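Structure data (compact mmCIF, C-alpha atoms) from run-v3.txt:
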```txt
# COMPACT_ATOMS: atom_id res chain seq x y z
CA MET A 73 12.15 14.87 21.02
CA TYR A 74 10.57 16.22 24.21
CA ASP A 75 8.90 13.55 26.30
CA PHE A 76 5.14 13.24 26.56
CA ALA A 77 2.50 11.12 28.27
CA TYR A 78 1.02 8.31 26.20
CA HIS A 79 -2.62 7.25 26.12
CA LYS A 80 -4.31 4.52 24.13
CA PRO A 81 -8.08 4.96 24.36
CA SER A 82 -10.36 2.22 23.06
CA SER A 83 -13.32 4.43 22.09
CA LEU A 84 -13.85 7.67 20.20
CA ALA A 85 -15.55 9.27 23.19
CA GLU A 86 -12.57 8.51 25.41
CA ALA A 87 -10.16 9.81 22.75
CA ALA A 88 -12.14 13.05 22.36
CA LYS A 89 -12.01 13.58 26.12
CA LEU A 90 -8.23 13.14 26.14
CA LEU A 91 -7.84 15.46 23.14
CA ALA A 92 -9.82 18.20 24.89
CA ASP A 93 -6.46 19.06 26.45
CA PRO A 94 -5.16 21.64 23.94
CA ASP A 95 -1.58 20.36 24.35
CA ALA A 96 -2.47 16.75 23.51
CA LYS A 97 -2.05 15.41 19.98
CA ALA A 98 -3.55 12.45 18.15
CA VAL A 99 -1.28 9.82 16.58
CA SER A 100 -1.87 6.70 14.50
CA GLY A 101 0.93 5.81 12.05
CA GLY A 102 3.07 8.68 13.31
CA HIS A 103 4.94 9.11 10.04
CA THR A 104 4.47 12.86 9.93
CA LEU A 105 4.14 13.56 13.63
CA ILE A 106 7.22 11.68 14.85
CA PRO A 107 9.60 13.49 12.43
CA ALA A 108 8.02 16.81 13.54
CA LEU A 109 8.53 15.85 17.20
CA LYS A 110 12.17 14.98 16.53
CA HIS A 111 12.68 18.51 15.20
CA ARG A 112 11.01 19.81 18.36
CA LEU A 113 8.51 21.65 16.15
CA ASN A 114 5.83 20.38 18.51
CA LYS A 115 5.77 19.95 22.25
CA PRO A 116 2.64 17.96 23.05
CA SER A 117 1.92 17.15 26.69
CA ALA A 118 0.43 13.84 25.59
CA LEU A 119 0.02 11.65 22.54
CA VAL A 120 -3.34 9.98 22.13
CA ASP A 121 -2.84 6.76 20.16
CA LEU A 122 -6.00 6.19 18.15
CA SER A 123 -4.95 2.79 16.79
CA GLY A 124 -7.11 0.82 19.23
CA ILE A 125 -10.43 2.41 18.17
CA ALA A 126 -12.44 -0.13 16.19
CA GLU A 127 -14.98 2.36 14.79
CA MET A 128 -12.22 4.13 12.82
CA LYS A 129 -11.11 1.05 10.88
CA GLY A 130 -12.06 -0.59 7.61
CA ILE A 131 -13.04 0.10 3.99
CA ARG A 132 -16.63 -0.30 2.79
CA ARG A 133 -18.74 0.55 -0.21
CA GLU A 134 -22.03 2.34 0.49
CA GLY A 135 -24.13 3.05 -2.58
CA ASN A 136 -22.04 5.14 -4.94
CA ALA A 137 -19.27 5.87 -2.45
CA ILE A 138 -16.24 4.24 -0.88
CA ILE A 139 -15.84 4.99 2.81
CA ILE A 140 -12.39 4.57 4.28
CA GLY A 141 -11.81 4.56 8.04
CA ALA A 142 -9.22 7.04 9.28
CA LEU A 143 -6.90 4.35 10.65
CA THR A 144 -6.62 2.60 7.28
CA ARG A 145 -2.97 2.42 6.23
CA HIS A 146 -1.84 3.41 2.74
CA VAL A 147 -0.88 -0.21 1.93
CA GLU A 148 -4.42 -1.33 2.74
CA VAL A 149 -6.01 1.26 0.43
CA ALA A 150 -3.50 0.39 -2.32
CA ASN A 151 -4.31 -3.34 -2.15
CA ASN A 152 -8.06 -3.18 -1.45
CA ALA A 153 -10.06 -4.91 -4.19
CA GLU A 154 -13.10 -2.66 -3.74
CA VAL A 155 -11.03 0.54 -4.04
CA LYS A 156 -9.10 -0.84 -7.03
CA ALA A 157 -12.36 -1.67 -8.82
CA ALA A 158 -14.27 1.52 -7.97
CA ILE A 159 -11.58 4.23 -7.87
CA PRO A 160 -8.36 2.83 -9.36
CA ALA A 161 -6.77 6.31 -9.31
CA LEU A 162 -7.13 6.35 -5.51
CA ALA A 163 -5.50 2.93 -5.16
CA TYR A 164 -2.72 4.07 -7.50
CA MET A 165 -2.16 7.23 -5.46
CA ALA A 166 -2.01 5.27 -2.19
CA SER A 167 0.46 2.80 -3.73
CA HIS A 168 2.85 5.66 -4.57
CA ILE A 169 2.97 7.49 -1.23
CA GLY A 170 6.48 7.67 0.24
CA ASP A 171 7.98 4.18 0.22
CA VAL A 172 6.96 0.66 1.29
CA GLN A 173 7.70 1.27 4.97
CA VAL A 174 5.84 4.59 5.03
CA ARG A 175 2.83 2.90 3.41
CA ASN A 176 2.99 0.12 6.02
CA ARG A 177 2.51 2.63 8.85
CA GLY A 178 1.00 5.87 7.51
CA THR A 179 -2.79 6.30 7.58
CA ILE A 180 -5.34 8.23 5.55
CA GLY A 181 -6.64 10.00 8.64
CA GLY A 182 -3.19 11.21 9.61
CA SER A 183 -2.34 12.43 6.13
CA VAL A 184 -5.63 14.25 5.58
CA SER A 185 -5.88 15.87 9.02
CA ASN A 186 -2.23 16.96 8.93
CA ASN A 187 -2.68 18.64 5.51
CA ASP A 188 0.99 18.80 4.64
CA PRO A 189 1.24 20.84 1.41
CA ALA A 190 3.41 18.10 -0.11
CA ALA A 191 1.25 15.13 0.96
CA ASP A 192 -0.65 13.01 -1.60
CA TYR A 193 -4.03 12.37 0.05
CA PRO A 194 -5.31 15.98 0.13
CA ALA A 195 -5.20 15.99 -3.71
CA ALA A 196 -7.41 12.88 -3.89
CA VAL A 197 -9.81 14.18 -1.23
CA LEU A 198 -10.23 17.56 -2.96
CA GLY A 199 -9.95 16.15 -6.49
CA LEU A 200 -12.73 13.62 -5.89
CA GLY A 201 -14.89 15.98 -3.84
CA ALA A 202 -14.82 13.69 -0.82
CA THR A 203 -16.63 14.26 2.46
CA ILE A 204 -14.79 14.18 5.77
CA HIS A 205 -16.60 12.40 8.61
CA THR A 206 -15.61 13.48 12.11
CA ASN A 207 -16.89 12.54 15.55
CA LYS A 208 -19.05 15.68 15.38
CA ARG A 209 -20.11 16.37 11.77
CA LYS A 210 -19.49 15.93 8.06
CA ILE A 211 -17.31 18.44 6.20
CA ALA A 212 -17.06 18.88 2.41
CA ALA A 213 -13.51 18.72 1.02
CA ASP A 214 -13.92 22.27 -0.34
CA ASP A 215 -14.41 23.56 3.23
CA PHE A 216 -11.90 21.25 4.91
CA PHE A 217 -8.44 22.32 3.69
CA GLN A 218 -7.85 25.86 4.93
CA GLY A 219 -4.12 26.52 4.57
CA MET A 220 -0.68 25.09 5.22
CA PHE A 221 -1.07 22.35 7.88
CA THR A 222 -4.49 23.86 8.67
CA THR A 223 -7.90 22.23 8.37
CA ALA A 224 -11.46 22.83 9.56
CA LEU A 225 -10.97 20.30 12.39
CA ALA A 226 -11.41 21.72 15.89
CA ALA A 227 -8.74 20.80 18.45
CA ASP A 228 -10.80 18.02 20.01
CA GLU A 229 -12.44 16.94 16.73
CA ILE A 230 -11.32 13.59 15.33
CA LEU A 231 -11.36 12.60 11.67
CA VAL A 232 -13.18 9.26 11.67
CA ALA A 233 -13.52 8.40 7.96
CA VAL A 234 -13.34 9.81 4.44
CA GLU A 235 -16.20 9.25 2.02
CA PHE A 236 -15.16 9.26 -1.65
CA PRO A 237 -17.90 9.47 -4.30
CA ILE A 238 -17.12 7.00 -7.10
CA PRO A 239 -16.24 9.00 -10.24
CA GLU A 240 -16.71 8.09 -13.90
CA LYS A 241 -13.04 8.78 -14.50
CA ALA A 242 -10.09 9.86 -12.38
CA GLY A 243 -6.34 10.11 -12.68
CA TYR A 244 -3.37 11.26 -10.58
CA ALA A 245 0.17 12.21 -11.52
CA LYS A 246 2.95 13.75 -9.44
CA MET A 247 6.57 14.79 -9.64
CA LYS A 248 8.25 13.85 -6.40
CA ASN A 249 11.44 14.93 -4.75
CA PRO A 250 13.81 11.99 -5.28
CA ALA A 251 15.24 12.14 -1.74
CA SER A 252 12.26 12.85 0.50
CA ARG A 253 9.64 11.41 -1.92
CA TYR A 254 7.36 14.33 -1.05
CA VAL A 255 5.33 15.86 -3.88
CA MET A 256 6.87 18.80 -5.78
CA ALA A 257 3.70 19.18 -7.83
CA GLY A 258 0.80 16.79 -8.30
CA VAL A 259 -2.57 16.91 -10.03
CA PHE A 260 -5.66 14.80 -9.30
CA ILE A 261 -8.38 15.03 -11.95
CA SER A 262 -11.86 13.51 -11.79
CA LYS A 263 -15.17 13.59 -13.63
CA GLY A 264 -18.27 12.47 -11.84
CA ALA A 265 -21.74 13.39 -10.62
CA GLY A 266 -20.36 16.61 -9.14
CA GLY A 267 -18.75 17.65 -12.43
CA VAL A 268 -15.06 17.99 -13.26
CA ARG A 269 -12.58 18.58 -10.45
CA VAL A 270 -8.87 19.35 -10.76
CA ALA A 271 -6.88 19.49 -7.51
CA VAL A 272 -3.23 20.55 -7.27
CA ASN A 273 -0.96 19.50 -4.38
CA GLY A 274 2.71 20.06 -3.62
CA ALA A 275 2.93 23.26 -5.64
CA GLY A 276 1.36 25.74 -3.22
CA PRO A 277 1.11 26.16 0.56
CA CYS A 278 -2.16 24.21 0.50
CA VAL A 279 -3.94 21.91 -1.95
CA PHE A 280 -6.15 23.96 -4.31
CA ARG A 281 -8.54 23.59 -7.26
CA GLN A 282 -7.40 24.68 -10.73
CA ALA A 283 -10.49 26.52 -11.99
CA ASP A 284 -9.23 27.18 -15.55
CA MET A 285 -8.53 23.50 -16.15
CA GLU A 286 -11.89 22.50 -14.64
CA LYS A 287 -13.66 24.93 -16.98
CA ALA A 288 -11.78 23.67 -20.03
CA LEU A 289 -12.46 20.01 -19.21
CA SER A 290 -16.12 20.73 -18.45
CA GLY A 291 -16.39 22.18 -21.95
CA GLY A 292 -14.95 19.04 -23.52
CA TRP A 293 -13.07 16.14 -21.93
CA SER A 294 -10.05 15.47 -24.12
CA GLY A 295 -6.35 14.92 -23.73
CA ASN A 296 -5.63 18.32 -25.22
CA ALA A 297 -8.12 20.29 -23.15
CA VAL A 298 -5.53 21.40 -20.58
CA ALA A 299 -2.66 21.81 -23.04
CA GLY A 300 -2.74 25.59 -23.43
CA ILE A 301 -3.59 26.46 -19.82
CA ALA A 302 -0.78 28.13 -17.88
CA GLN A 303 -0.72 27.84 -14.11
CA SER A 304 0.23 31.16 -12.50
CA ALA A 305 3.34 31.05 -10.31
CA ASP A 306 1.86 33.63 -7.94
CA GLY A 307 1.71 32.28 -4.40
CA LEU A 308 3.32 28.93 -5.24
CA ASN A 309 6.15 27.51 -3.15
CA SER A 310 9.75 28.47 -3.86
CA ASP A 311 12.48 26.58 -2.04
CA ILE A 312 15.77 24.73 -2.60
CA HIS A 313 13.85 21.97 -4.40
CA GLY A 314 12.32 24.22 -7.05
CA SER A 315 11.16 27.75 -7.84
CA ALA A 316 7.52 28.81 -8.04
CA GLU A 317 7.90 29.12 -11.82
CA TYR A 318 9.23 25.56 -12.07
CA ARG A 319 6.37 24.24 -9.96
CA ALA A 320 3.84 26.19 -12.07
CA HIS A 321 5.26 24.53 -15.18
CA LEU A 322 5.08 21.12 -13.49
CA VAL A 323 1.37 21.63 -12.75
CA GLY A 324 0.70 21.78 -16.50
CA VAL A 325 2.79 18.68 -17.17
CA MET A 326 1.23 16.70 -14.32
CA ALA A 327 -2.28 17.75 -15.43
CA LYS A 328 -1.62 16.26 -18.87
CA ARG A 329 -0.30 13.03 -17.32
CA ALA A 330 -3.22 12.80 -14.86
CA LEU A 331 -5.64 13.28 -17.72
CA ALA A 332 -3.91 10.58 -19.75
CA ALA A 333 -4.10 8.25 -16.73
CA ALA A 334 -7.82 9.00 -16.31
CA GLY A 335 -8.42 8.04 -19.95
CA MET B 259 7.03 5.19 32.74
CA PRO B 260 5.05 2.93 30.42
CA GLN B 261 6.02 -0.72 30.34
CA VAL B 262 6.15 -2.57 27.03
CA THR B 263 6.27 -6.27 26.32
CA MET B 264 7.06 -7.57 22.86
CA THR B 265 8.36 -10.65 21.16
CA VAL B 266 11.72 -10.02 19.49
CA ASN B 267 13.07 -12.81 17.31
CA GLY B 268 10.88 -15.31 19.14
CA GLN B 269 11.78 -14.26 22.67
CA THR B 270 9.62 -12.21 25.00
CA HIS B 271 11.18 -8.96 26.21
CA THR B 272 9.82 -6.44 28.69
CA ALA B 273 11.15 -2.97 29.39
CA GLU B 274 10.21 0.37 30.84
CA VAL B 275 10.32 3.09 28.20
CA GLU B 276 9.57 6.79 27.93
CA GLY B 277 6.69 7.81 25.68
CA ARG B 278 9.24 9.24 23.26
CA THR B 279 11.50 6.15 23.12
CA LEU B 280 11.81 4.97 19.53
CA LEU B 281 11.62 1.29 18.68
CA VAL B 282 15.20 1.40 17.36
CA GLU B 283 16.42 2.94 20.64
CA LEU B 284 14.70 0.20 22.62
CA LEU B 285 16.24 -2.51 20.42
CA ARG B 286 19.74 -1.07 20.44
CA GLU B 287 20.07 0.50 23.87
CA LYS B 288 17.91 -1.67 26.12
CA PHE B 289 17.87 -5.03 24.36
CA ARG B 290 21.46 -4.54 23.13
CA MET B 291 20.62 -5.67 19.61
CA THR B 292 22.80 -3.31 17.63
CA GLY B 293 22.37 -5.00 14.26
CA THR B 294 19.58 -2.54 13.44
CA HIS B 295 21.24 0.73 12.43
CA VAL B 296 20.28 4.40 12.53
CA GLY B 297 21.37 6.19 9.39
CA CYS B 298 19.45 9.35 8.64
CA ASP B 299 17.03 9.35 11.60
CA THR B 300 14.52 11.04 9.26
CA SER B 301 12.74 7.91 7.88
CA GLN B 302 14.42 8.23 4.49
CA CYS B 303 17.41 5.84 4.43
CA GLY B 304 15.95 2.55 5.69
CA ALA B 305 19.01 1.36 7.67
CA CYS B 306 16.66 0.89 10.65
CA VAL B 307 14.12 -1.38 8.94
CA VAL B 308 12.77 -4.24 11.09
CA HIS B 309 9.61 -6.31 10.80
CA VAL B 310 6.68 -5.54 13.09
CA ASN B 311 3.98 -8.22 12.88
CA GLY B 312 5.54 -9.44 9.63
CA GLU B 313 5.75 -6.09 7.82
CA SER B 314 8.79 -3.91 7.23
CA VAL B 315 8.77 -0.64 9.15
CA LYS B 316 11.29 2.09 9.89
CA SER B 317 12.08 1.63 13.55
CA CYS B 318 13.47 5.19 13.80
CA THR B 319 9.97 6.51 13.12
CA THR B 320 8.04 4.08 15.31
CA LEU B 321 7.44 4.63 19.01
CA ALA B 322 8.38 1.67 21.18
CA VAL B 323 5.25 2.14 23.25
CA MET B 324 3.11 1.67 20.13
CA CYS B 325 4.69 -1.78 19.62
CA ASN B 326 3.43 -3.14 22.93
CA GLY B 327 2.34 -6.73 22.26
CA ALA B 328 3.89 -6.79 18.79
CA ASN B 329 5.97 -9.48 17.15
CA VAL B 330 9.27 -7.90 16.07
CA SER B 331 11.97 -9.46 13.88
CA THR B 332 15.44 -8.00 13.44
CA ILE B 333 18.54 -8.93 11.48
CA GLU B 334 19.82 -10.86 14.55
CA GLY B 335 16.94 -13.32 14.24
CA LEU B 336 17.55 -14.40 10.64
CA ALA B 337 20.46 -16.86 10.82
CA ALA B 338 19.90 -20.33 12.25
CA ALA B 339 21.24 -21.18 15.72
CA ASP B 340 24.20 -23.01 14.14
CA GLY B 341 25.15 -19.87 12.21
CA THR B 342 23.70 -20.92 8.85
CA LEU B 343 22.73 -17.72 7.12
CA HIS B 344 19.21 -16.95 5.91
CA VAL B 345 18.83 -17.37 2.14
CA MET B 346 18.73 -13.58 1.71
CA GLN B 347 21.89 -13.07 3.78
CA GLU B 348 23.65 -15.81 1.84
CA ALA B 349 22.63 -14.21 -1.46
CA PHE B 350 23.97 -10.81 -0.32
CA ARG B 351 27.30 -12.54 0.46
CA GLU B 352 27.33 -14.52 -2.77
CA TYR B 353 26.54 -11.53 -5.01
CA HIS B 354 28.72 -9.06 -3.11
CA ALA B 355 25.67 -6.93 -2.41
CA LEU B 356 27.41 -4.83 0.21
CA GLN B 357 30.52 -2.77 0.58
CA CYS B 358 30.63 -0.83 3.86
CA GLY B 359 27.66 -2.82 5.15
CA PHE B 360 25.94 -0.01 7.03
CA CYS B 361 22.69 -0.18 5.05
CA THR B 362 22.75 -3.99 4.86
CA PRO B 363 20.58 -4.93 7.88
CA GLY B 364 17.78 -2.68 6.63
CA MET B 365 18.26 -3.83 3.03
CA VAL B 366 18.00 -7.50 4.02
CA MET B 367 14.92 -6.94 6.18
CA SER B 368 13.20 -4.90 3.44
CA ALA B 369 14.19 -7.50 0.83
CA ILE B 370 12.67 -10.39 2.79
CA ASP B 371 9.38 -8.51 3.24
CA LEU B 372 9.43 -7.63 -0.47
CA VAL B 373 9.91 -11.24 -1.57
CA ASN B 374 7.25 -12.43 0.89
CA LYS B 375 4.79 -9.93 -0.65
CA HIS B 376 5.43 -11.39 -4.15
CA PRO B 377 4.93 -15.13 -3.63
CA ASN B 378 4.50 -15.76 -7.37
CA GLY B 379 7.81 -14.26 -8.42
CA ILE B 380 9.23 -10.76 -8.59
CA THR B 381 10.60 -8.73 -11.49
CA GLU B 382 13.73 -6.57 -11.45
CA GLN B 383 11.50 -3.49 -11.75
CA GLN B 384 9.46 -4.56 -8.71
CA ILE B 385 12.67 -5.09 -6.72
CA ARG B 386 14.01 -1.65 -7.65
CA GLU B 387 10.71 0.05 -6.78
CA GLY B 388 10.37 -1.97 -3.59
CA LEU B 389 13.79 -0.75 -2.41
CA GLU B 390 12.81 2.91 -2.75
CA GLY B 391 12.94 3.35 1.00
CA ASN B 392 16.45 1.93 1.39
CA LEU B 393 19.48 4.00 0.45
CA CYS B 394 22.94 2.55 -0.24
CA ARG B 395 25.80 4.92 -0.94
CA CYS B 396 28.40 2.30 -1.94
CA THR B 397 27.13 -0.42 -4.23
CA GLY B 398 25.12 1.37 -6.89
CA TYR B 399 22.34 -1.13 -6.11
CA HIS B 400 23.00 -3.52 -9.04
CA ASN B 401 24.40 -6.33 -6.91
CA ILE B 402 21.73 -5.82 -4.28
CA VAL B 403 19.05 -6.25 -6.94
CA LYS B 404 20.80 -9.38 -8.28
CA ALA B 405 21.07 -10.86 -4.78
CA ILE B 406 17.37 -10.29 -4.05
CA ALA B 407 16.34 -11.80 -7.40
CA ALA B 408 18.46 -14.89 -6.69
CA ALA B 409 17.18 -15.23 -3.11
CA ALA B 410 13.60 -14.78 -4.31
CA GLU B 411 13.93 -17.83 -6.56
CA VAL B 412 15.28 -19.95 -3.71
CA MET B 413 12.66 -18.68 -1.24
CA GLN B 414 9.91 -19.31 -3.77
CA GLY B 415 11.24 -22.81 -4.50
CA LYS B 416 11.27 -23.62 -0.80
CA ARG B 417 7.69 -22.42 -0.51
CA GLN B 418 6.67 -24.68 -3.38
CA GLU B 419 8.53 -27.63 -1.81
CA MET B 420 6.69 -27.03 1.46
CA ALA B 421 3.39 -26.83 -0.40
CA ARG B 422 4.13 -30.11 -2.17
CA ALA B 423 5.14 -31.77 1.09
CA ALA B 424 1.87 -30.62 2.62
CA ASP B 425 -0.19 -32.13 -0.22
```

Translate the structure of the given file into structure tokens.
Amino acid sequence: MYDFAYHKPSSLAEAAKLLADPDAKAVSGGHTLIPALKHRLNKPSALVDLSGIAEMKGIRREGNAIIIGALTRHVEVANNAEVKAAIPALAYMASHIGDVQVRNRGTIGGSVSNNDPAADYPAAVLGLGATIHTNKRKIAADDFFQGMFTTALAADEILVAVEFPIPEKAGYAKMKNPASRYVMAGVFISKGAGGVRVAVNGAGPCVFRQADMEKALSGGWSGNAVAGIAQSADGLNSDIHGSAEYRAHLVGVMAKRALAAAG
Amino acid sequence: MPQVTMTVNGQTHTAEVEGRTLLVELLREKFRMTGTHVGCDTSQCGACVVHVNGESVKSCTTLAVMCNGANVSTIEGLAAADGTLHVMQEAFREYHALQCGFCTPGMVMSAIDLVNKHPNGITEQQIREGLEGNLCRCTGYHNIVKAIAAAAEVMQGKRQEMARAAD
């Protein structure tokens, strides 16, 4: 790891000022960033530790939505009574990220703004049609995830919270790599005021919506609705962990399991 | 260089660190507490698990500077001053839950956090799932699971005794 300066601002405004330096990077749990720094994939001049910023903390219900502050750790989402009652699929997803120690440190803001193709949170954000709140604006999930490790966030823009509309039904299923615990293929399905949404993570370079499955489920929500739908292998990831064809097959299997979980 | 102050096993320690210094490096190289191990250095194996403010974390993926002011517990802090082992350590000995011993400090620290998080009892399935972040390449895990189940009963009993005494 290359060395860097360390800052711990106590307000969003101060953090934004520090992050105006294009070589500075934000950190909270650090469970994606620190491994990347060890590989020297990144050489930030400074890390800006957001963990002291009060306005980025906490989980609250507002009307028909759950709003989760960016600094909220996975363990907190998994155990939160309000999340468990309103969106059990989201609590389930958070309780299956990585392992206990990863969930004790990793945060929703870090996972979503990093947009690792094999991370869990992007599937829930896209699959529930969430809205990203930053220090500057609100961004719809459909406009937020733009490619591998790429989002709509500007360099000095900070993800402050994620607003999840409460669905009628939702379910998540994933196949994970047994060593790294990263997602090989996962599917998050929901049905709510915005219609049916099916988001796929792990399989491609970026989380994406499965339009054929959404259409089929919109026509009739049943356990068999996605059974005959084949996911194309075009553009999916191929690596030592699995071929694109294998991942495409997994998408179908995970969709069925996610649907069963949603009920 | 940033200065950090933290409580480690009940004692206050202060050190100058680089921004990039990992918590495990600070513990091992500056505080000379080498009970906490580095296995994979990629946050997968769990040999480096310590408690920060009562929760298990991988100290190879935690910056020392981010633990300024924290309360840290390591394997060195578990046994009593007279050498009496912690219930979990004793159970690992009793059930032969280690062979080479490299993963053991992290296993024991994870196991204690796991039992603390299940104050009303813990099933074998919960133990196995709770150990997902700790790899052991010798034992095959069975004896580790048995040791944790046995220690959990003792730890739970002690908690109930304390509750009764407080009544």

* Interatomic distance between CA of Tyr244 in chain A and CA of Phe260 in chain A? -> 4.4 Å

* **Nearby residues (all atoms listed in the file) at most 9 Å from Gly379 in chain B, same-chain spacing under 5 positions excluded, as a PyMOL selection string** => chain B and resi 373+407+410-411+414

* To do: Residues of chain A no more than 10 Å from chain B, counting only C-alpha atoms: send them over as a PyMOL selection string.
  => chain A and resi 73-80+99-111+118-119+121+123+168+170-177+250-253

* To do: Using only C-alpha atoms, find the one residue out of A:Ala150, A:Lys246, A:Gly124, A:Leu231 that sits nearest to Lys208 in chain A.
  =>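 With only C-alpha atoms as the atom set, the closest residue is A:Leu231.
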
* Grab the CA of Ile211 in chain A to CA of Val270 in chain A distance for me, in Å with one decimal place. => 19.0 Å

* Between A:Asp95, A:Asp214, A:Asp188, A:Glu134, single out the one closest to Phe280 in chain A, counting only C-alpha atoms. =>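 With only C-alpha atoms as the atom set, the closest residue is A:Asp214.
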
* For Leu343 in chain B, which residue among B:Val366, B:Cys396, B:Val275, B:Cys298 is the nearest when counting all atoms listed in the file? -> B:Val366

8 Å contact set for Phe236 in chain A, only C-alpha atoms, chain neighbours under 5 positions out, as a tab-separated table (two decimals) with C-alpha atoms, in the frame of the given file:
```
chain	number	residue	atom	x	y	z
A	137	ALA	CA	-19.27	5.87	-2.45
A	138	ILE	CA	-16.24	4.24	-0.88
A	139	ILE	CA	-15.84	4.99	2.81
A	197	VAL	CA	-9.81	14.18	-1.23
A	200	LEU	CA	-12.73	13.62	-5.89
A	201	GLY	CA	-14.89	15.98	-3.84
A	202	ALA	CA	-14.82	13.69	-0.82
A	203	THR	CA	-16.63	14.26	2.46
```

Calculate, to one decimal in Å, the centre and edge lengths of the box along x, y and z of the file that holds all listed atoms of range 309-314 of chain B with 8 Å of margin on each side, and present them as JSON.
```
{"center_x": 6.8, "center_y": -6.7, "center_z": 10.2, "size_x": 21.6, "size_y": 21.5, "size_z": 21.9}
```

* Asked: Can you tell me, as a list in words, what residues are no more than 6 Å from Met256 in chain A when counting only C-alpha atoms, ignoring any on the same chain fewer than 3 positions away?
  ->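 Residues near the query, excluding close chain neighbours: Met247, Lys248, Gly274 and Ala275 of chain A.
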
* List the neighbours of Val403 in chain B out to 8 Å using all atoms listed in the file; skip same-chain residues closer than 6 positions along the sequence, and give me the result as a PyMOL selection string. => chain B and resi 382+385-386

* **Ref. answer, residues at most 12 Å from (17.8, 1.2, 22.1) with all atoms listed in the file, as an MDAnalysis selection string** => chainID B and resid 273:276 278:296 306 317:318 321:322

Take the residues from that selection and write them out as a PDB file, keeping the file's coordinate frame, keeping C-alpha atoms.
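Resulting contents of selection_11.pdb:
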```pdb
ATOM      1  CA  ALA B 273      11.150  -2.970  29.390  1.00  0.00           C
ATOM      2  CA  GLU B 274      10.210   0.370  30.840  1.00  0.00           C
ATOM      3  CA  VAL B 275      10.320   3.090  28.200  1.00  0.00           C
ATOM      4  CA  GLU B 276       9.570   6.790  27.930  1.00  0.00           C
ATOM      5  CA  ARG B 278       9.240   9.240  23.260  1.00  0.00           C
ATOM      6  CA  THR B 279      11.500   6.150  23.120  1.00  0.00           C
ATOM      7  CA  LEU B 280      11.810   4.970  19.530  1.00  0.00           C
ATOM      8  CA  LEU B 281      11.620   1.290  18.680  1.00  0.00           C
ATOM      9  CA  VAL B 282      15.200   1.400  17.360  1.00  0.00           C
ATOM     10  CA  GLU B 283      16.420   2.940  20.640  1.00  0.00           C
ATOM     11  CA  LEU B 284      14.700   0.200  22.620  1.00  0.00           C
ATOM     12  CA  LEU B 285      16.240  -2.510  20.420  1.00  0.00           C
ATOM     13  CA  ARG B 286      19.740  -1.070  20.440  1.00  0.00           C
ATOM     14  CA  GLU B 287      20.070   0.500  23.870  1.00  0.00           C
ATOM     15  CA  LYS B 288      17.910  -1.670  26.120  1.00  0.00           C
ATOM     16  CA  PHE B 289      17.870  -5.030  24.360  1.00  0.00           C
ATOM     17  CA  ARG B 290      21.460  -4.540  23.130  1.00  0.00           C
ATOM     18  CA  MET B 291      20.620  -5.670  19.610  1.00  0.00           C
ATOM     19  CA  THR B 292      22.800  -3.310  17.630  1.00  0.00           C
ATOM     20  CA  GLY B 293      22.370  -5.000  14.260  1.00  0.00           C
ATOM     21  CA  THR B 294      19.580  -2.540  13.440  1.00  0.00           C
ATOM     22  CA  HIS B 295      21.240   0.730  12.430  1.00  0.00           C
ATOM     23  CA  VAL B 296      20.280   4.400  12.530  1.00  0.00           C
ATOM     24  CA  CYS B 306      16.660   0.890  10.650  1.00  0.00           C
ATOM     25  CA  SER B 317      12.080   1.630  13.550  1.00  0.00           C
ATOM     26  CA  CYS B 318      13.470   5.190  13.800  1.00  0.00           C
ATOM     27  CA  LEU B 321       7.440   4.630  19.010  1.00  0.00           C
ATOM     28  CA  ALA B 322       8.380   1.670  21.180  1.00  0.00           C
TER      29      ALA B 322
END
```

Give me the residues near Tyr353 in chain B as a compact mmCIF listing (two decimals) with C-alpha atoms, keeping the file's coordinate frame, where near means some atom within 9 Å (using only C-alpha atoms) and where sequence neighbours in that chain fewer than 3 positions away do not count.
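Final output, saved to around.txt:
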```txt
# COMPACT_ATOMS: atom_id res chain seq x y z
CA GLU B 348 23.65 -15.81 1.84
CA ALA B 349 22.63 -14.21 -1.46
CA PHE B 350 23.97 -10.81 -0.32
CA LEU B 356 27.41 -4.83 0.21
CA ASN B 401 24.40 -6.33 -6.91
CA ILE B 402 21.73 -5.82 -4.28
CA LYS B 404 20.80 -9.38 -8.28
CA ALA B 405 21.07 -10.86 -4.78
CA ALA B 408 18.46 -14.89 -6.69
```
